[in-house]
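Q: Below you will find the structure I want to go over with you.
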Protein chains: 2
Amino acid sequence: MPHNTPIRRKITLNDIAASCDVSRATVSLVLRGSPLVNKNTRARIEEELRRQGYVYNRAAANLRRRTSSSIALVLNDLGNPFFAEFAAGVDEALGKAEFVTLLGSTGESSTRQQTVLGSLAEHGPGGIILSPAEGSDAEEVLSAIGAQMPLLLFNREPGGPRPASSHWDLLALDNQNGGRLATEHLIALGHRSIAFFGGHADSSSCRQRRSGYLEAMRAAGLDVTPELQLECIPTRTEAAHRSAALFEGDHRPTAAVCYNDAVALGLMLGLRQLGRLPGRDFAVTGFDDIAEASLALPSLTTLSTDPRARGRQAAGMILQRMADPFAPATHTVAPVQLVVRASSCPPLSS
Amino acid sequence: MPHNTPIRRKITLNDIAASCDVSRATVSLVLRGSPLVNKNTRARIEEELRRQGYVYNRAAANLRRRTSSSIALVLNDLGNPFFAEFAAGVDEALGKAEFVTLLGSTGESSTRQQTVLGSLAEHGPGGIILSPAEGSDAEEVLSAIGAQMPLLLFNREPGGPRPASSHWDLLALDNQNGGRLATEHLIALGHRSIAFFGGHADSSSCRQRRSGYLEAMRAAGLDVTPELQLECIPTRTEAAHRSAALFEGDHRPTAAVCYNDAVALGLMLGLRQLGRLPGRDFAVTGFDDIAEASLALPSLTTLSTDPRARGRQAAGMILQRMADPFAPATHTVAPVQLVVRASSCPPLSS
DNA sequence: GGTTACCTTTGGATCGTTCCAATTCCACCT
DNA sequence: AGGTGGAATTGGAACGATCCAAAGGTAACC
């Protein structure tokens with residue numbers, strides 16, 4: 001062999017036991033801090049563990065104990081800062097509970113999601129936190145991981161017929177309330193013609209946000225023609241391009257509730273190109289409170305979902321489920337908070 | 001118990017073997033696609049595997065084979081989009097190679113880093129990709145994971161004395177070349193008085209970028225007084241505040257190479273407040289090519305580091321190292337690419 | 001019929017840990 | 001001397017897979 005570094009086999013309990021003239025079992029007890037072992041023996045063994053640089057093999061322990069010390073986290077889009085923050089929150093809370101995060105990213109592909117779920121399941125996580133890819137099917141998901149696996153869905157539910165036998169927990173955002181809060185805020189400022197801008201009608205989160213918007217508008221006795229509701233792909237550039245369409249009907253909105261921050265920022269860009277100054281000539285609200293929202297000019301009024309806290313919450317929920325696999329399924333809706341900034345101005349005329 | 005779902009034990013090789021009247025070994029061969037098993041037997045067993053919903057236990061297999069199918073990824077800041085993209089790239093490439101990602105986030109705390117590394121090491125990853133927390137010490141890192149563990153450092157090296165025995169691989173960005181490219185670009189446009197703006201002198205990436213700037217300036221025979229080099233905390237708001245300082249000396253720069261995109265965007269904001277139009281009256285370049293860079297007005301000339309590609313590259317490197325633990329250590333510098341956009345204009349006078 | 005060869009299949013040991021029942025040791029009591 | 005009890009330790013069988021040497025079955029050949 002072309003090297004002089006000795007290949008050191010991994011140190012195991014047996015090695016330590018042999019060096020200390022005790023049995024494996026005793027060393028194992030020391031590792032787990034059992035009160036049964038004699039003080040002197042413990043000290044002797046602990047010293048030896050340190051000396052030899054022993055690393056605990058949790059996989060072997062888990063095999064024997066039929067336990068798990070990991071939880072899988074499968075996200076539809078890690079590149080999205082919202083989910084990245086969520087992941088950070090999950091990992092933070094799981095780490096505190098002595099669990100390790102198995103990461104999987106699906107890139108919104110439901111076939112890739114199947115592969116990833118299958119591969120992660122083989123590593124025997126204690127549970128799975130899944131933010132389903134668009135167009136993924138409930139039956140498929142369950143068949144990939146087995147019906148016994150504790151499962152927490154985040155953000156959206158998979159499509160397809162809901163399997164009768166299954167139960168999963170759900171952590172969703174209070175999209176409807178968010179849409180309502182933003183709309184009520186604009187109404188309180190004096191706006192009367194308010195648009196709902198951006199998002200896909202077939203996305204459940206968009207439907208929910210819009211439904212909150214409609215609720216608030218109706219409650220205030222305001223008009224909501226279809227012309228005031230414009231769909232667009234939720235990216236900044238698309239939103240910028242579609243901005244002009246807002247002013248084509250004869251409703252001349254003075255404000256818009258946007259599907260999310262990306263759309264809102266795009267709209268602000270588009271407004272400038274149309275010669276309007278967001279935050280002065282036209283009020284805009286977003287959804288998500290991404291880092292950019294507070295830094296944009298004008299700063300963006302939006303709904304904060306605190307993704308990191310949601311991550312911690314999700315971790316808590318899956319641990320709960322693992323502790324009691326037969327408790328009734330939970331369906332938690334996380335509150336969202338209106339953050340008022342500069343982009344939501346009163347209408348010019350008033 | 002308050003439920004009627006039967007508690008199903010997990011299905012193992014033994015269960016399948018018993019149902020099919022064959023031995024464990026045969027079923028194992030089927031699972032691994034061995035050509036040794038008879039076609040009919042294989043079909044029978046595969047049917048049974050499906051019927052019972054068998055899930056492979058990779059941990060048990062890894063224990064027996066003394067292999068690993070996971071790699072740990074420890075990041076100093078998952079919330080940062082740059083690292084989130086990097087993580088997505090790592091996971092993508094590892095997934096293709098049939099590995100699973102063990103995630104750990106340290107939040108820039110070196111003590112938390114120690115805990116996380118220790119905990120991950122117990123799960124027996126085949127290697128570790130680490131973007132060290134600020135102020136972390138090389139000795140400590142190695143003692144947490146053992147000197148045998150394949151280790152790839154990303155983005156920066158830990159401080160402290162470099163342990164003699166150790167070897168790790170390194171994947172860094174070509175900061176110096178990036179600084180040089182941006183500066184040369186501005187020089188080619190006709191600028192003569194160019195500032196270097198933003199960043200901390202004690203950050204290695206800042207030093208490297210600035211050193212590229214100095215190199216290009218000297219090569220062109222241009223003056224680089226200390227007044228042209230302004231430090232500031234690399235956030236947008238700080239950069240905006242410090243903008244005025246650029247014009248206090250008597251060098252009257254017509255362009256600035258910024259430490260990163262955040263600084264560059266802040267500077268553009270500051271310039272406007274000073275009555276200068278970035279991209280017309282003053283040229284600006286950034287570093288990182290974050291999503292906003294192309295959407296800003298004017299769009300930002302910057303250096304693209306393609307974090308997702310870096311992630312794939314890191315995954316490739318650690319797999320390489322695992323395949324040949326005794327190959328000499330690699331020290332790879334990833335290229336950065338100049339993306340010319342609207343913010344880098346020629347000087348007004350020319 | 002016996003030898004050879006090949007294709008399949010198999011039992012048992014093994015990976016590094018934990019569990020459990022059993023054992024050893026020793027002091028103390030009657 | 002024998003019995004009791006508690007503290008400390010231990011051997012061996014698990015956990016669910018893989019490896020390996022060996023064995024069973026069948027067909028072909030001399």
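Each chain in the structure tokens gets a letter, A, B, ..., in the order shown, and its residues are numbered from 1; ligands are numbered from 1 in order too.
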Residues near range 188-203 of chain A, anyone? I mean within 6 Å using only C-alpha atoms (C1' of nucleotides), not counting same-chain ones fewer than 5 positions away, as a list of chain:residue names.
A: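 Counting only C-alpha atoms (C1' of nucleotides), the residues come to A:Leu228, A:Gln229, A:Leu230, A:Glu231, A:Cys232, A:Ile233, A:Pro234, A:Pro253, A:Thr254, A:Ala255, A:Ala256, A:Val257, A:Cys258, A:Tyr259, A:Pro346, A:Pro347.
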Q: Mind running chain A against chain C at 12 Å and telling me each contacting residue's nearest atom pair with the distance in Å (one decimal), counting only C-alpha atoms (C1' of nucleotides), chain and number ascending, as a Markdown table?
A:
```
| residue | atom | partner | partner_atom | distance |
| --- | --- | --- | --- | --- |
| A:Lys10 | CA | C:DG16 | C1' | 10.4 |
| A:Ile11 | CA | C:DG16 | C1' | 9.9 |
| A:Thr12 | CA | C:DG16 | C1' | 6.8 |
| A:Leu13 | CA | C:DG16 | C1' | 7.4 |
| A:Asn14 | CA | C:DG16 | C1' | 8.5 |
| A:Asp15 | CA | C:DG16 | C1' | 11.0 |
| A:Arg24 | CA | C:DT17 | C1' | 9.2 |
| A:Ala25 | CA | C:DT18 | C1' | 8.2 |
| A:Thr26 | CA | C:DT18 | C1' | 11.1 |
| A:Val27 | CA | C:DT17 | C1' | 10.8 |
| A:Ser28 | CA | C:DT18 | C1' | 7.9 |
| A:Leu29 | CA | C:DT18 | C1' | 9.4 |
| A:Leu31 | CA | C:DT17 | C1' | 11.1 |
| A:Arg32 | CA | C:DT18 | C1' | 10.5 |
| A:Val55 | CA | C:DG16 | C1' | 11.2 |
| A:Tyr56 | CA | C:DG16 | C1' | 9.2 |
| A:Asn57 | CA | C:DG16 | C1' | 6.9 |
| A:Arg58 | CA | C:DT17 | C1' | 8.1 |
| A:Ala59 | CA | C:DT17 | C1' | 8.4 |
| A:Ala60 | CA | C:DT17 | C1' | 5.0 |
| A:Ala61 | CA | C:DT17 | C1' | 4.5 |
| A:Asn62 | CA | C:DT17 | C1' | 8.0 |
| A:Leu63 | CA | C:DT17 | C1' | 7.9 |
| A:Arg64 | CA | C:DT18 | C1' | 5.9 |
| A:Arg65 | CA | C:DT18 | C1' | 6.4 |
| A:Arg66 | CA | C:DT18 | C1' | 10.0 |
| A:Thr67 | CA | C:DT18 | C1' | 11.4 |
```
Q: Would you give me, as a ChimeraX atom specification, the residues in range 122-300 of chain A that DSSP reads as strand (DSSP E)?
A: /A:128-130,151-154,169-173,194-197,229-230,255-258,283-285
Q: For C-alpha atoms, I'd like the residues from the last selection saved as a tab-separated table (two decimals), in the first residue's frame.
A:
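Output (out_28.tsv):
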```
chain	number	residue	atom	x	y	z
A	128	ILE	CA	-40.84	11.70	8.27
A	129	ILE	CA	-41.57	15.37	7.81
A	130	LEU	CA	-42.69	15.94	4.26
A	151	LEU	CA	-45.72	11.15	8.97
A	152	LEU	CA	-46.10	14.88	9.28
A	153	LEU	CA	-47.15	16.84	6.23
A	154	PHE	CA	-46.10	20.42	6.07
A	169	ASP	CA	-50.52	14.88	10.93
A	170	LEU	CA	-50.64	18.17	9.17
A	171	LEU	CA	-49.00	21.50	9.84
A	172	ALA	CA	-50.33	24.20	7.58
A	173	LEU	CA	-50.16	27.96	7.53
A	194	ILE	CA	-58.40	46.10	-4.08
A	195	ALA	CA	-56.97	43.41	-6.34
A	196	PHE	CA	-55.74	39.93	-5.54
A	197	PHE	CA	-52.59	39.36	-7.55
A	229	GLN	CA	-58.25	38.67	-9.43
A	230	LEU	CA	-55.21	38.07	-11.58
A	255	ALA	CA	-54.06	48.44	-3.86
A	256	ALA	CA	-53.20	44.78	-4.31
A	257	VAL	CA	-52.99	41.81	-1.98
A	258	CYS	CA	-50.27	39.62	-3.48
A	283	ALA	CA	-50.44	49.96	-1.90
A	284	VAL	CA	-48.95	46.46	-1.97
A	285	THR	CA	-48.89	43.56	0.50
```
Q: When all Cα positions are paired in order and chain A is fitted onto chain B, what RMSD is left, to one decimal?
A: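 Chain B versus chain A: RMSD of 0.6 Å.
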Q: Please, which residues of chain D lie no more than 10 Å from chain A when the count uses only C-alpha atoms (C1' of nucleotides), and can they be set out as a list of chain:residue names?
A: D:DA7, D:DA8, D:DT9, D:DT10, D:DG11, D:DA14, D:DC15, D:DG16
Q: May I have the selected residues written with C-alpha atoms (C1' of nucleotides), as an mmCIF file, in the first residue's frame?
A:
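Result went into again_28.cif, see below:
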```cif
data_model
loop_
_atom_site.group_PDB
_atom_site.id
_atom_site.type_symbol
_atom_site.label_atom_id
_atom_site.label_comp_id
_atom_site.auth_asym_id
_atom_site.auth_seq_id
_atom_site.Cartn_x
_atom_site.Cartn_y
_atom_site.Cartn_z
ATOM 1 C "C1'" DA D 7 -23.860 -4.233 44.910
ATOM 2 C "C1'" DA D 8 -21.183 -5.158 40.804
ATOM 3 C "C1'" DT D 9 -20.299 -7.874 37.022
ATOM 4 C "C1'" DT D 10 -20.985 -11.119 33.345
ATOM 5 C "C1'" DG D 11 -21.963 -14.667 29.423
ATOM 6 C "C1'" DA D 14 -30.673 -11.287 20.441
ATOM 7 C "C1'" DC D 15 -31.355 -7.194 16.465
ATOM 8 C "C1'" DG D 16 -31.520 -7.782 10.668
#
```
Q: Of the candidates A:Pro328, A:Pro226, A:Gly178, A:Gly135, which one gets nearest to chain B if we count only C-alpha atoms?
A: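 Residue with the minimum atom-to-atom distance to chain B: A:Pro328.
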Q: Can you check which residues of chain A have any atom within 6 Å of chain B? Use only C-alpha atoms and format it as a list in words.
A: Tyr56, Asn57, Arg58, Leu78, Gly79, Pro81, Ala84, Glu85, Ala88, Thr101, Leu102, Leu103, Glu122 and His123 of chain A
Q: Limited to C-alpha atoms, could you put the picked residues into a file as a PDB file, in the first residue's frame?
A:
```pdb
ATOM      1  CA  TYR A  56     -20.186   5.183  19.793  1.00  0.00           C
ATOM      2  CA  ASN A  57     -21.908   3.195  17.056  1.00  0.00           C
ATOM      3  CA  ARG A  58     -25.476   4.341  17.276  1.00  0.00           C
ATOM      4  CA  LEU A  78     -34.533  23.571  -0.448  1.00  0.00           C
ATOM      5  CA  GLY A  79     -33.298  26.457  -2.581  1.00  0.00           C
ATOM      6  CA  PRO A  81     -35.304  30.580   1.557  1.00  0.00           C
ATOM      7  CA  ALA A  84     -34.269  26.624   4.074  1.00  0.00           C
ATOM      8  CA  GLU A  85     -35.301  28.499   7.196  1.00  0.00           C
ATOM      9  CA  ALA A  88     -32.888  25.129   9.988  1.00  0.00           C
ATOM     10  CA  THR A 101     -31.919  15.023  10.400  1.00  0.00           C
ATOM     11  CA  LEU A 102     -31.894  12.965   7.226  1.00  0.00           C
ATOM     12  CA  LEU A 103     -32.269  15.448   4.419  1.00  0.00           C
ATOM     13  CA  GLU A 122     -34.464   2.275   4.272  1.00  0.00           C
ATOM     14  CA  HIS A 123     -32.348   4.176   6.735  1.00  0.00           C
TER      15      HIS A 123
END
```
Q: Report the residues of range 194-327 of chain A whose backbone DSSP state falls under helix (DSSP H, G or I), written as a ChimeraX atom specification.
A: /A:204-219,226-228,236-247,261-273,291-294,307-323
Q: Just to confirm, what's the straight-line distance from CA of Ser34 in chain B to C1' of DC19 in chain D in Å (one decimal)?
A: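 We find that CA of Ser34 in chain B and C1' of DC19 in chain D lie 13.7 Å from each other.
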Q: Residues near range 286-288 of chain A, anyone? I mean within 9 Å using only C-alpha atoms (C1' of nucleotides), not counting same-chain ones fewer than 6 positions away, as an MDAnalysis selection string.
A: chainID A and resid 82 178:179 182 256:265 300:307 336 338
Q: Convert the current residue selection to file output with C-alpha atoms, as an mmCIF file, in the first residue's frame.
A:
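Result went into again-v1.cif, see below:
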```cif
data_model
loop_
_atom_site.group_PDB
_atom_site.id
_atom_site.type_symbol
_atom_site.label_atom_id
_atom_site.label_comp_id
_atom_site.auth_asym_id
_atom_site.auth_seq_id
_atom_site.Cartn_x
_atom_site.Cartn_y
_atom_site.Cartn_z
ATOM 1 C CA PHE A 82 -38.645 29.854 3.185
ATOM 2 C CA GLY A 178 -53.486 35.883 6.316
ATOM 3 C CA GLY A 179 -55.331 36.876 3.176
ATOM 4 C CA ALA A 182 -53.907 41.877 4.630
ATOM 5 C CA ALA A 256 -53.198 44.778 -4.312
ATOM 6 C CA VAL A 257 -52.989 41.811 -1.980
ATOM 7 C CA CYS A 258 -50.271 39.623 -3.477
ATOM 8 C CA TYR A 259 -50.000 35.873 -3.296
ATOM 9 C CA ASN A 260 -46.501 36.054 -1.809
ATOM 10 C CA ASP A 261 -43.481 38.287 -1.389
ATOM 11 C CA ALA A 262 -41.892 37.319 -4.678
ATOM 12 C CA VAL A 263 -45.020 38.416 -6.506
ATOM 13 C CA ALA A 264 -45.266 41.584 -4.444
ATOM 14 C CA LEU A 265 -41.678 42.571 -5.145
ATOM 15 C CA LEU A 300 -42.897 45.510 2.134
ATOM 16 C CA THR A 301 -45.989 45.051 4.277
ATOM 17 C CA THR A 302 -46.442 41.328 4.494
ATOM 18 C CA LEU A 303 -47.525 38.328 6.550
ATOM 19 C CA SER A 304 -44.834 36.781 8.640
ATOM 20 C CA THR A 305 -44.987 33.014 8.898
ATOM 21 C CA ASP A 306 -41.773 32.628 10.859
ATOM 22 C CA PRO A 307 -40.577 29.552 8.989
ATOM 23 C CA VAL A 336 -49.510 34.270 10.576
ATOM 24 C CA LEU A 338 -49.329 41.000 9.734
#
```
Q: Report, in Å with one decimal, the straight-line distance from CA of His241 in chain A to CA of Ile290 in chain A.
A: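 Between these atoms lies a distance of 21.3 Å.
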Q: Extract, using only C-alpha atoms (C1' of nucleotides), all DNA, RNA and protein residues at most 8 Å from Leu271 in chain A, discarding same-chain residues fewer than 6 positions from it, and format them as a list of chain:residue names.
A: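 Skipping anything fewer than 6 positions along the chain leaves A:Ala240, A:Ser243, A:Ala244, A:Leu277, A:Pro278.
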Q: Please produce an output containing N, CA and C atoms for each residue in the selection, written as a compact mmCIF listing (two decimals), in the first residue's frame.
A:
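File written: result.txt
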```txt
# COMPACT_ATOMS: atom_id res chain seq x y z
N ALA A 240 -43.80 41.01 -12.50
CA ALA A 240 -43.48 42.32 -13.08
C ALA A 240 -44.15 42.47 -14.45
N SER A 243 -47.98 43.08 -14.40
CA SER A 243 -48.47 44.22 -13.61
C SER A 243 -49.45 45.09 -14.39
N ALA A 244 -49.13 45.35 -15.65
CA ALA A 244 -49.95 46.28 -16.44
C ALA A 244 -51.40 45.80 -16.50
N LEU A 277 -45.53 54.86 -8.15
CA LEU A 277 -44.61 54.66 -7.04
C LEU A 277 -45.27 53.82 -5.96
N PRO A 278 -44.86 52.55 -5.82
CA PRO A 278 -45.46 51.71 -4.80
C PRO A 278 -45.20 52.32 -3.42
```
Q: Using CA of Leu186 in chain B and CA of Gln337 in chain B as the two end points, give the distance in Å to one decimal.
A: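 If I compute the distance from CA of Leu186 in chain B to CA of Gln337 in chain B, I get 14.9 Å.
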Q: Quick one: residues within 8 Å of range 48-50 of chain A, only C-alpha atoms (C1' of nucleotides), excluding same-chain residues fewer than 2 positions away - as a PyMOL selection string?
A: chain A and resi 16+19-20+44-46+52-54
Q: Give me a file of those residues, with N, CA and C atoms, as a PDB file, in the first residue's frame.
A:
```pdb
ATOM      1  N   ILE A  16     -12.338  -1.897  24.174  1.00  0.00           N
ATOM      2  CA  ILE A  16     -12.245  -1.216  25.462  1.00  0.00           C
ATOM      3  C   ILE A  16     -12.340  -2.232  26.596  1.00  0.00           C
ATOM      4  N   SER A  19      -9.114  -4.133  27.042  1.00  0.00           N
ATOM      5  CA  SER A  19      -8.060  -3.318  27.650  1.00  0.00           C
ATOM      6  C   SER A  19      -8.283  -3.124  29.140  1.00  0.00           C
ATOM      7  N   CYS A  20      -9.529  -3.142  29.562  1.00  0.00           N
ATOM      8  CA  CYS A  20      -9.829  -2.843  30.958  1.00  0.00           C
ATOM      9  C   CYS A  20     -10.080  -4.105  31.769  1.00  0.00           C
ATOM     10  N   ARG A  44     -11.970   4.205  35.388  1.00  0.00           N
ATOM     11  CA  ARG A  44     -10.967   3.482  34.616  1.00  0.00           C
ATOM     12  C   ARG A  44     -11.428   3.340  33.158  1.00  0.00           C
ATOM     13  N   ILE A  45     -12.674   2.956  32.986  1.00  0.00           N
ATOM     14  CA  ILE A  45     -13.203   2.729  31.638  1.00  0.00           C
ATOM     15  C   ILE A  45     -13.316   4.032  30.865  1.00  0.00           C
ATOM     16  N   GLU A  46     -13.781   5.062  31.554  1.00  0.00           N
ATOM     17  CA  GLU A  46     -13.935   6.344  30.857  1.00  0.00           C
ATOM     18  C   GLU A  46     -12.591   6.845  30.357  1.00  0.00           C
ATOM     19  N   GLN A  52      -8.443   5.788  23.712  1.00  0.00           N
ATOM     20  CA  GLN A  52      -8.477   5.099  22.430  1.00  0.00           C
ATOM     21  C   GLN A  52      -9.320   5.837  21.385  1.00  0.00           C
ATOM     22  N   GLY A  53      -9.942   6.930  21.783  1.00  0.00           N
ATOM     23  CA  GLY A  53     -10.752   7.678  20.829  1.00  0.00           C
ATOM     24  C   GLY A  53     -11.954   6.892  20.346  1.00  0.00           C
ATOM     25  N   TYR A  54     -12.647   6.295  21.297  1.00  0.00           N
ATOM     26  CA  TYR A  54     -13.817   5.482  20.959  1.00  0.00           C
ATOM     27  C   TYR A  54     -14.955   6.337  20.413  1.00  0.00           C
TER      28      TYR A  54
END
```
